[in-house]
Structure formats: C-alpha cells, structure tokens
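Chemist: Attaching a single structure in structure tokens format; questions to follow.
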Amino acid sequence: MSGEATGGVTASGATADGATASGAPVGATGPHPHPRPLRIGNASGFYGDRFDAMREMLTGGPLDVLTGDYLAELTMLILGRDRLKHPAGGYARTFLRQLEECLGLAHERGVRIVANAGGLNPAGLADAVRELAGRLGIPARVAHVEGDDLTARYPGPGNLAAHAYLGGEGIAACLREGADIVVTGRVTDAALVTGPAVAHFGWAPDAYDRLAGAVVAGHVLECGTQATGGNYAFFAEHDPARLHHPGFPVAELHEDGTSVITKHDGTGGVVDVGTVTAQLLYETAGARYAGPDVTARLDSVRLTQEGPDRVRITGVGGAGVRGEAPPPTLKVGLNRLGGFRGEVVFVLTGLDIEAKAAFARAQMEAALAAAKSRPADIRWELVRTDRPDSATEETASALLRLVVRDPDQEAVGRTLGGAAVELALGSYPGFHVLAPPGKGAPYGVFEDVYVPHVDVDHVAVLHDGRRIHVMPAQDTLVLRPAEEPPLPAPLPAGSAVRRAPLGLVAGARSGDKGGNANIGVWVRTDDAWRWLAHTLTTDRLRELLPETADLTVVRHVLPHLRALNFVVEGILGEGVAAQHRFDPQAKALGEWLRSRHLDIPEALL
C-alpha cells in the first residue's frame, strides 16, 4: 500500500519540500543511502502476556523499535463487550499500565513503540497515552492509525465489531513524521514490523521481496516467546531452567529484507531453526501468506543457524524472501454475540464408567426435552481420565461434559441447572458435578469477509492532529494456491520399522483461524523429510485424528522448511469464542497428532 500526501509525506516517503527520506533511520530525517539494520523487538504476543516484558525488552539490550501485539479474534470480542459497558474503552488497558512504568525508559533510550493495543478505540488510547506522558512529564509524540472500523457497515442483532486488517503504511507515515509512539486498531500482526521497516528503509510500495521479508520476520515476532522456546515441541531436549522464563524475540532486519531472529543476551529461552520453524508454521496455511502489504511466499524461506540464538531468514540463494502483489481485497473480521452457553461436568468414578455415562445422559436428555425452554444445541463428551485400580479417587474418575447453547439465556442457565441438580440423589452411584451450573454466559461468533482496498479509509493521525490518508494498493494479484512442489525421493523400500509416536521424529504446532485449524508438522533431517512427505498424507492424518475424518483437510508442502501444513476446515465451528470443542483454539491439536503411533523407520528413531 502507498501513502497519499495530505499533510507532508508522499507515497514514496518524500517530505513536502521534496527532500527524500528514503533509508532514514526510524524517526530521523535526511538522506541515508546505506541505512543500518533495524533492530525490532516484541514485548507482547496477546492481551494478557507477561506484564514485565516491556521493561525487560527496554533494559535488556539495544532496540530501535519495540512492538506489542495485543489483538486476536477473541480479544476483539472481549474489547467489544468492554466498549458496550464503557464507551470510552475498547482498548488494551494493560498497555497503559506498562507504559506508566516504561515510558521514561523508552524516551531515554530513543526506542519507538508501535502497538495494536488501540483495539476498537485507537484514538481513545492515543489520548490516554498523551495524558499519561503529560502527567509523567515525558515529551512523547503520540500518533495513531484508524480506518479499520467498519462496524457501521455491518448492522445486525448482536454485532459487536467489524474491523478490516490494515497494513503497515499508516504506521510508517506516523513514524516518518516523528512519532515516538504509534497505536493502532486492527492491523495485521506483521504490519507492526512492515510499518517501521518501510519508514526506516524507504521501501516503495512495490518492493515486494523486501516487504515479504519483513512480513516473515513480523510473523516470527508476533507471538512473543513462541519464537524463543515457548510452547516448543522439543522442549525436553533443553535444560528446563533455560525455558522457564524465555526472553522475547528480536529481529535484526536488513535493507534487502533478510533478517536475523535473536533475543537479548543473557535472557532465557532458545532461538534455533526449530523454534523459528515452529512459529513460521503457526496459524499459516499454504505457500502464499497473503496480507494487505504483500503476499509472502513461504515456500521461498530458508532458515540458517548463524550462531547461538541467531537464525538467519533469507530466500533462494541467500537473497530476500520472495514476495508478490497483495490480493485485491482486505480481510474484515466480524464479531457478534452468538447466544448463551452453559456447561455441567459430571464426575464418574470407579467401575461401569460407560454405563454410568449412558445413565446420566438419558436422565438429562429426558429432563431437557420436558423443559419449557429446551436448549437448541446439546453436546456431550466423555473424557476418560480414569485408570483401573487407581490409588487416588481423582485418578479413578472420568468426566462427562455437557455443553448447551441457545439464544435464550434461560435455556442454558436455569433450565440446565435445574435438570442437573435435581438428579443429585436419584442418578448413578457416586453422583457429583465439578461445579453447579451457572446462569449461562454469552459466547461470540467470528466470521471473516472481504472488501476492496478502496472501501477502507486508512488514515495516519499524527501527533499534531494532521491526517495522512493512505492510498489503497495500486497493484494487486488475485490469490491462488501455489503449484504443489515435487516431493523428495522416498526412503528405500524394505527398511525395518517400529511402531512409535510420530513426535519422536516430528515437531508440530497448531492454532486457529476462525472455524479452521492448522497443524504444521516439520522434521529436522533430510531422511526424515523423505519419509514424512510420503507418509503423512491427508488420509493418514484423518486416520490418526478421527475428529477430522468427516472434515475437509488440505495439505500444503513446504520442502525448504521440511514441513507439511494441514488446514482442517470447520473443526472449530464458529471460532474460538463459541468454544465448539474441548480445545477451542486448537492449541494442542498438533501435540495430539505427535502422540499417535504409526510405523516409523528404525533408522529415524
């Protein structure tokens, strides 16, 4: 995307009097034909992440820019409900509390802060930051980005928020005009990195390879310590003490779009090809990773261990990651209230677990059927946590989980609670529940739609009140699946095999995108890749994960990462806020896959 000059900055980054700012360090002016690398750190991967991370990142080592990612699909729903109660709210309040401790540090060290903590109200957060800076006596130029809020275009009962995913050009415009702090609403996670990179290096909107490199670096940084050993499949191979308090990641981004992922010296965690691969696969799908600035080709990414806790990201032959023009539309996330949800968990202890479960289920079904307001949606799940001849009552018990949903709160509250409690003295032996049912809680539904770039008024609002309108993308490319790459030669037939868990050979990381889940699976040797690429087909995945048997599963092959990425469509229902399944964000779907047994060549074990 490019910037339209309405207050001093043109699309290419030139100032109003014609002097170029191309290549200037973030926040500086004047020509810099050979800009130094840009050192960007991250201090938040979600709303509720480690509070002390901002201070740790500002004091732990040199930085040019510190980013914070506070938003997710569920967060937007939470902030939407917050705004209903407090119209002046709708932003991540923890960001303000972090700044109260750290604004002086950032000012002393000359570190710019870029965060999407503005949520549904970036202007409100910008005002709050200005008030905080004034109260602390710290000179800070605060700017914000707006235009993502399309809620008024999507009226309807229960609709809380509709927000377009913006790119980084609005952030870049704020930084080029000298902002110390930039807060945004809904931008892509990677925009927190592409924006500072565009401002620092002066990249043109069609510098697609460079922009793609920044997107890849941004995707690695966005989830914080997931890039430095957090939630890592092979955590047991490292000293546990090293992973107990992992440091947050840093990207050293170069003018050609290549980067090095690292962390501050002396901090915990680990940065290696495995941890970076895991994060690259997280919540992605195929070879084309599309965004409003650029479509990055993940099939062009190469990772190299450059040194301890240093992984270099390049493309083919050491050049930058390959990029293409962005799609002609922007993603819009719609969040609405879907109704109310109630839950009761029955504890089944000792013998005859299946019979006890059937008994309780039949009683509850009859009671709910006879109720005046029977829940519209009823789901049962028996979780066999029991063990035979157990030494403790807890480990002798299984859990029978009942979840109900309905537009009427009465149906999932009073109706469910009454039916469950009335069974207390007339049901299976040992009857009890984990907790009495409550009144029923509202749940949300996430849906994504797409609108043309021109339908969104992307605006950078500067510290002095000037407004810079960002022009929509001029060149676009309709998103299509990439051609399937050739597979490596299979391992020789006849090799001795052993039945063993997949996770002895492969790592995995999984996550959610609306109602879909992705499972990224990777291996660490060429021989393991030759085996994995031919063994873990979509049919085999369905066999290993029976929950996926009746769903659409799409496999994407990323040979340079020795990885497969599976997208399982619809497994999460209407998204995380609807809590459709036991693991509503599919966080552990990959670990379930790693625990499944199959025949593995002994040479790989």
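In the structure tokens, chains take the letters A, B, ... in the order shown, each chain's residues start at 1, and ligands count up from 1 in the order shown.
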Residues of range 220-262 of chain A in alpha helix (DSSP H) according to DSSP, as a list in words?

Modeler: Val220, Leu221, Pro240, Ala241, Arg242 and Leu243 of chain A

Chemist: Pull N, CA and C atoms from the residues just selected and write them as a tab-separated table (two decimals), in the first residue's frame.

Modeler:
```
chain	number	residue	atom	x	y	z
A	220	VAL	N	7.25	-14.14	12.76
A	220	VAL	CA	8.04	-14.84	13.78
A	220	VAL	C	7.96	-14.10	15.11
A	221	LEU	N	7.99	-12.77	15.07
A	221	LEU	CA	7.99	-11.99	16.31
A	221	LEU	C	6.61	-11.95	16.98
A	240	PRO	N	15.54	-27.46	31.33
A	240	PRO	CA	14.27	-26.82	31.71
A	240	PRO	C	14.45	-25.42	32.27
A	241	ALA	N	15.51	-25.21	33.04
A	241	ALA	CA	15.72	-23.89	33.64
A	241	ALA	C	15.88	-22.82	32.57
A	242	ARG	N	16.41	-23.22	31.41
A	242	ARG	CA	16.62	-22.25	30.33
A	242	ARG	C	15.30	-21.79	29.73
A	243	LEU	N	14.27	-22.65	29.80
A	243	LEU	CA	12.99	-22.33	29.17
A	243	LEU	C	11.95	-21.80	30.15
```

Chemist: Please identify all polymer residues within 9 Å of range 261-266 of chain A, counting only C-alpha atoms, omitting same-chain residues fewer than 3 positions from it, and present them as a ChimeraX atom specification.

Modeler: /A:41,57,60-62,217,220-221,227-228,247-253,269-272,276,308-313

Chemist: For each of A:Leu402, A:Ala325, A:Val145, A:Leu166, take the minimum atom-to-atom distance to Ala191 in chain A, counting only C-alpha atoms, then give the residue where this is smallest.

Modeler: A:Leu166

Chemist: Quick one: residues within 9 Å of Arg81 in chain A, only C-alpha atoms counted, chain neighbours fewer than 4 positions away excluded, as a ChimeraX atom specification?

Modeler: /A:76-77,85-86,90,160

Chemist: Given the selection you just returned, output its residues as a file containing all heavy atoms, formatted as an mmCIF file, in the first residue's frame.

Modeler:
```cif
data_model
loop_
_atom_site.group_PDB
_atom_site.id
_atom_site.type_symbol
_atom_site.label_atom_id
_atom_site.label_comp_id
_atom_site.auth_asym_id
_atom_site.auth_seq_id
_atom_site.Cartn_x
_atom_site.Cartn_y
_atom_site.Cartn_z
ATOM 1 N N MET A 76 -10.870 -9.114 20.184
ATOM 2 C CA MET A 76 -11.768 -8.113 19.615
ATOM 3 C C MET A 76 -13.182 -8.265 20.183
ATOM 4 O O MET A 76 -13.883 -7.280 20.425
ATOM 5 C CB MET A 76 -11.787 -8.228 18.088
ATOM 6 C CG MET A 76 -10.435 -7.961 17.432
ATOM 7 S SD MET A 76 -9.805 -6.289 17.725
ATOM 8 C CE MET A 76 -10.738 -5.362 16.508
ATOM 9 N N LEU A 77 -13.595 -9.505 20.416
ATOM 10 C CA LEU A 77 -14.903 -9.725 21.035
ATOM 11 C C LEU A 77 -14.907 -9.218 22.471
ATOM 12 O O LEU A 77 -15.846 -8.547 22.913
ATOM 13 C CB LEU A 77 -15.248 -11.211 20.998
ATOM 14 C CG LEU A 77 -16.564 -11.590 21.666
ATOM 15 C CD1 LEU A 77 -17.747 -11.069 20.873
ATOM 16 C CD2 LEU A 77 -16.667 -13.095 21.843
ATOM 17 N N LYS A 85 -20.039 -1.637 27.791
ATOM 18 C CA LYS A 85 -20.166 -1.181 29.181
ATOM 19 C C LYS A 85 -19.517 0.173 29.395
ATOM 20 O O LYS A 85 -19.992 0.989 30.185
ATOM 21 C CB LYS A 85 -19.519 -2.208 30.117
ATOM 22 C CG LYS A 85 -20.134 -3.593 30.059
ATOM 23 C CD LYS A 85 -19.353 -4.555 30.961
ATOM 24 C CE LYS A 85 -19.878 -5.971 30.861
ATOM 25 N NZ LYS A 85 -19.071 -6.918 31.676
ATOM 26 N N HIS A 86 -18.394 0.421 28.703
ATOM 27 C CA HIS A 86 -17.621 1.650 28.887
ATOM 28 C C HIS A 86 -17.317 2.238 27.505
ATOM 29 O O HIS A 86 -16.305 1.891 26.893
ATOM 30 C CB HIS A 86 -16.317 1.359 29.635
ATOM 31 C CG HIS A 86 -16.494 0.561 30.891
ATOM 32 N ND1 HIS A 86 -17.025 1.096 32.040
ATOM 33 C CD2 HIS A 86 -16.224 -0.740 31.164
ATOM 34 C CE1 HIS A 86 -17.062 0.168 32.981
ATOM 35 N NE2 HIS A 86 -16.587 -0.956 32.478
ATOM 36 N N GLY A 90 -12.547 0.024 25.150
ATOM 37 C CA GLY A 90 -12.359 -0.694 23.896
ATOM 38 C C GLY A 90 -10.915 -0.867 23.500
ATOM 39 O O GLY A 90 -10.630 -1.302 22.382
ATOM 40 N N LEU A 160 -21.023 -6.844 17.294
ATOM 41 C CA LEU A 160 -20.221 -6.029 18.199
ATOM 42 C C LEU A 160 -19.145 -5.239 17.480
ATOM 43 O O LEU A 160 -18.840 -4.110 17.850
ATOM 44 C CB LEU A 160 -19.559 -6.921 19.260
ATOM 45 C CG LEU A 160 -20.467 -7.531 20.320
ATOM 46 C CD1 LEU A 160 -19.651 -8.426 21.241
ATOM 47 C CD2 LEU A 160 -21.168 -6.446 21.113
#
```

Chemist: Check the smallest atom-to-atom distance from each of A:Ser510, A:Asn335, A:Gln579, A:Ser495 to Pro155 in chain A using only C-alpha atoms, then report the winner.

Modeler: A:Asn335

Chemist: Name the residues of range 91-175 of chain A that fall into strand (DSSP E or B) according to DSSP on the backbone, using the chain letters and numbers of this document, as a list in words.

Modeler: Arg112, Ile113, Val114, Ala115, Val142, Ala143, His144, Val145, Glu146, Asp149, Asn159, Leu160, Ala161, Ala162, His163, Ala164 and Leu166 of chain A

Chemist: Could you pull the residues within 10 Å of Ala214 in chain A, counting only C-alpha atoms, minus those fewer than 6 positions along the same chain, as a VMD selection string?

Modeler: chain A and resid 190 to 198 208 220 251 253 to 259 294 296 320 to 321

Chemist: Store the residues picked out above in a file with N, CA, C and O atoms, as a CSV table (one decimal), in the first residue's frame.

Modeler:
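Output below, filename part23.csv:
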```csv
chain,number,residue,atom,x,y,z
A,190,ALA,N,1.8,-8.7,11.3
A,190,ALA,CA,3.1,-8.4,10.7
A,190,ALA,C,3.2,-6.9,10.4
A,190,ALA,O,4.4,-6.4,10.2
A,191,ALA,N,2.1,-6.2,10.3
A,191,ALA,CA,2.2,-4.7,10.0
A,191,ALA,C,3.0,-4.0,11.0
A,191,ALA,O,3.5,-2.9,10.8
A,192,LEU,N,3.0,-4.5,12.3
A,192,LEU,CA,3.8,-3.9,13.3
A,192,LEU,C,5.3,-3.9,13.0
A,192,LEU,O,6.0,-3.1,13.6
A,193,VAL,N,5.7,-4.7,12.1
A,193,VAL,CA,7.1,-4.7,11.6
A,193,VAL,C,7.2,-4.1,10.2
A,193,VAL,O,8.2,-3.4,10.0
A,194,THR,N,6.3,-4.4,9.3
A,194,THR,CA,6.5,-3.8,8.0
A,194,THR,C,6.4,-2.3,8.1
A,194,THR,O,7.1,-1.6,7.3
A,195,GLY,N,5.6,-1.7,8.9
A,195,GLY,CA,5.5,-0.2,9.1
A,195,GLY,C,6.8,0.4,9.4
A,195,GLY,O,7.3,1.3,8.7
A,196,PRO,N,7.4,0.0,10.6
A,196,PRO,CA,8.7,0.5,10.9
A,196,PRO,C,9.8,0.3,9.8
A,196,PRO,O,10.7,1.1,9.6
A,197,ALA,N,9.7,-0.9,9.2
A,197,ALA,CA,10.7,-1.2,8.1
A,197,ALA,C,10.6,-0.2,6.9
A,197,ALA,O,11.6,0.3,6.4
A,198,VAL,N,9.3,0.0,6.5
A,198,VAL,CA,9.1,1.0,5.4
A,198,VAL,C,9.6,2.4,5.8
A,198,VAL,O,10.3,3.1,5.0
A,208,TYR,N,8.3,-5.8,-3.2
A,208,TYR,CA,7.5,-6.9,-2.7
A,208,TYR,C,8.5,-7.9,-2.0
A,208,TYR,O,8.1,-8.5,-0.9
A,220,VAL,N,7.2,-14.1,12.8
A,220,VAL,CA,8.0,-14.8,13.8
A,220,VAL,C,8.0,-14.1,15.1
A,220,VAL,O,7.8,-14.7,16.2
A,251,ALA,N,14.2,-9.1,16.0
A,251,ALA,CA,14.6,-9.2,14.6
A,251,ALA,C,15.6,-8.1,14.2
A,251,ALA,O,15.3,-7.0,14.4
A,253,LEU,N,16.6,-6.6,11.1
A,253,LEU,CA,16.1,-6.5,9.7
A,253,LEU,C,17.0,-5.7,8.9
A,253,LEU,O,17.4,-4.6,9.2
A,254,HIS,N,17.3,-6.3,7.7
A,254,HIS,CA,18.3,-5.6,6.8
A,254,HIS,C,17.5,-5.0,5.6
A,254,HIS,O,16.4,-5.3,5.3
A,255,GLU,N,18.2,-4.1,4.9
A,255,GLU,CA,17.5,-3.3,3.8
A,255,GLU,C,17.1,-4.2,2.7
A,255,GLU,O,16.1,-3.9,2.0
A,256,ASP,N,17.7,-5.4,2.5
A,256,ASP,CA,17.3,-6.3,1.4
A,256,ASP,C,16.1,-7.2,1.8
A,256,ASP,O,15.7,-8.0,1.1
A,257,GLY,N,15.6,-7.0,3.1
A,257,GLY,CA,14.5,-7.8,3.5
A,257,GLY,C,14.9,-9.1,4.3
A,257,GLY,O,14.1,-9.8,4.9
A,258,THR,N,16.2,-9.4,4.3
A,258,THR,CA,16.7,-10.5,5.1
A,258,THR,C,16.7,-10.1,6.5
A,258,THR,O,16.7,-8.9,6.9
A,259,SER,N,16.7,-11.1,7.4
A,259,SER,CA,16.7,-10.8,8.8
A,259,SER,C,17.4,-11.8,9.6
A,259,SER,O,17.6,-13.0,9.1
A,294,VAL,N,1.6,-7.2,1.1
A,294,VAL,CA,2.3,-8.1,0.2
A,294,VAL,C,1.8,-9.5,0.4
A,294,VAL,O,1.3,-9.8,1.5
A,296,ALA,N,3.5,-12.9,0.9
A,296,ALA,CA,4.9,-13.5,1.1
A,296,ALA,C,4.8,-15.0,0.7
A,296,ALA,O,3.9,-15.7,1.0
A,320,GLY,N,16.5,-12.1,-0.5
A,320,GLY,CA,15.4,-12.0,0.3
A,320,GLY,C,14.3,-13.0,0.0
A,320,GLY,O,14.3,-13.6,-1.0
A,321,VAL,N,13.3,-13.0,0.9
A,321,VAL,CA,12.1,-13.8,0.7
A,321,VAL,C,11.4,-13.3,-0.5
A,321,VAL,O,11.4,-12.1,-0.8
```

Chemist: As JSON, numbers by chain, please: the residues near range 519-536 of chain A (cut-off 6 Å, only C-alpha atoms, same-chain neighbours under 5 positions excluded).

Modeler: {"A": [281, 488, 490, 506, 507, 508, 509, 510, 562, 563, 564, 565, 566, 590]}

Chemist: Let me see the file: selected residues, N, CA and C atoms, as an mmCIF file, in the first residue's frame.

Modeler:
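Below is the file that was written, part_5.cif:
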```
data_model
loop_
_atom_site.group_PDB
_atom_site.id
_atom_site.type_symbol
_atom_site.label_atom_id
_atom_site.label_comp_id
_atom_site.auth_asym_id
_atom_site.auth_seq_id
_atom_site.Cartn_x
_atom_site.Cartn_y
_atom_site.Cartn_z
ATOM 1 N N LEU A 281 5.189 -21.801 10.979
ATOM 2 C CA LEU A 281 4.060 -22.644 10.599
ATOM 3 C C LEU A 281 2.793 -22.313 11.364
ATOM 4 N N PRO A 488 10.385 -35.203 -2.348
ATOM 5 C CA PRO A 488 11.694 -35.853 -2.412
ATOM 6 C C PRO A 488 11.526 -37.343 -2.710
ATOM 7 N N PRO A 490 11.359 -41.122 -2.055
ATOM 8 C CA PRO A 490 11.039 -41.831 -0.809
ATOM 9 C C PRO A 490 12.232 -42.623 -0.294
ATOM 10 N N ALA A 506 8.968 -36.001 14.564
ATOM 11 C CA ALA A 506 8.449 -34.739 14.023
ATOM 12 C C ALA A 506 8.008 -33.790 15.123
ATOM 13 N N GLY A 507 8.204 -32.513 14.877
ATOM 14 C CA GLY A 507 7.627 -31.467 15.712
ATOM 15 C C GLY A 507 6.322 -31.010 15.107
ATOM 16 N N ALA A 508 5.515 -30.303 15.886
ATOM 17 C CA ALA A 508 4.248 -29.781 15.379
ATOM 18 C C ALA A 508 3.857 -28.553 16.171
ATOM 19 N N ARG A 509 3.118 -27.683 15.523
ATOM 20 C CA ARG A 509 2.482 -26.554 16.192
ATOM 21 C C ARG A 509 1.156 -26.295 15.480
ATOM 22 N N SER A 510 0.130 -26.028 16.259
ATOM 23 C CA SER A 510 -1.204 -25.859 15.696
ATOM 24 C C SER A 510 -1.856 -24.609 16.265
ATOM 25 N N ARG A 562 11.253 -28.386 5.379
ATOM 26 C CA ARG A 562 10.996 -29.805 5.684
ATOM 27 C C ARG A 562 9.670 -29.924 6.447
ATOM 28 N N ALA A 563 8.655 -29.296 5.915
ATOM 29 C CA ALA A 563 7.407 -29.154 6.666
ATOM 30 C C ALA A 563 6.183 -29.421 5.802
ATOM 31 N N LEU A 564 5.135 -29.891 6.469
ATOM 32 C CA LEU A 564 3.802 -30.003 5.907
ATOM 33 C C LEU A 564 2.878 -29.147 6.754
ATOM 34 N N ASN A 565 1.965 -28.456 6.107
ATOM 35 C CA ASN A 565 0.996 -27.646 6.849
ATOM 36 C C ASN A 565 -0.396 -28.101 6.443
ATOM 37 N N PHE A 566 -1.160 -28.572 7.423
ATOM 38 C CA PHE A 566 -2.512 -29.064 7.169
ATOM 39 C C PHE A 566 -3.526 -28.032 7.656
ATOM 40 N N GLY A 590 -1.776 -30.281 17.429
ATOM 41 C CA GLY A 590 -0.513 -30.816 16.938
ATOM 42 C C GLY A 590 0.127 -31.791 17.909
#
```

Chemist: Find the residue from A:Leu382, A:Ala357, A:Leu558, A:Leu348 that sits nearest to Thr395 in chain A; use only C-alpha atoms when measuring.

Modeler: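 Using only C-alpha atoms, Thr395 in chain A sits closest to A:Leu348.
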
Chemist: What is the distance between CA of Ile113 in chain A and CA of Gln279 in chain A, in Å to one decimal?

Modeler: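 CA of Gln279 in chain A lies at a distance of 22.8 Å from CA of Ile113 in chain A.
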
Chemist: Smallest atom-to-atom distance to Gly80 in chain A: which of A:Arg322, A:Arg555, A:Arg374, A:Arg336, using only C-alpha atoms?

Modeler: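 Closest candidate: A:Arg336.
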
Chemist: Work out how far apart CA of Thr275 in chain A and CA of Phe235 in chain A are and give it in Å to one decimal.

Modeler: 9.6 Å

Chemist: CA of Ala482 in chain A and CA of Lys331 in chain A are how many Å apart?

Modeler: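 Pair CA of Ala482 in chain A / CA of Lys331 in chain A returns 19.9 Å.
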
Chemist: Residues within 10 Å of Ala411 in chain A, please, as a list of chain:residue names. Count only C-alpha atoms; anything in the same chain fewer than 6 positions from it doesn't count.

Modeler: A:Phe340, A:Arg341, A:Gly342, A:Leu368, A:Ala371, A:Lys372, A:Ser373, A:Arg374, A:Pro375, A:Ala376, A:Val404, A:Arg405, A:Gly417, A:Lys439, A:Gly440

Chemist: Using only C-alpha atoms, which residue out of A:Pro559, A:Gly89, A:Gly503, A:Gly202 lies closest to Glu484 in chain A?

Modeler: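 Residue with the minimum atom-to-atom distance to Glu484 in chain A: A:Pro559.
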
Chemist: Need the shell around Ala588 in chain A: protein/DNA/RNA residues with any atom at most 12 Å away, counting only C-alpha atoms. Skip same-chain ones fewer than 5 positions apart. Format as a list in words?

Modeler: Asn231, Tyr232, Ala233, Tyr282, Ala508, Arg509, Ser510, Gly511, Asp512, Ala517, Asn518, Ile519, Gly520, Arg581, Phe582, Asp583, Leu593, Arg594 and Ser595 of chain A

Chemist: Given the choices A:Thr329, A:Ser427, A:Thr75, A:Thr385, which gets closest to Ala360 in chain A if the distance is worked out from only C-alpha atoms?

Modeler: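 Closest candidate: A:Ser427.
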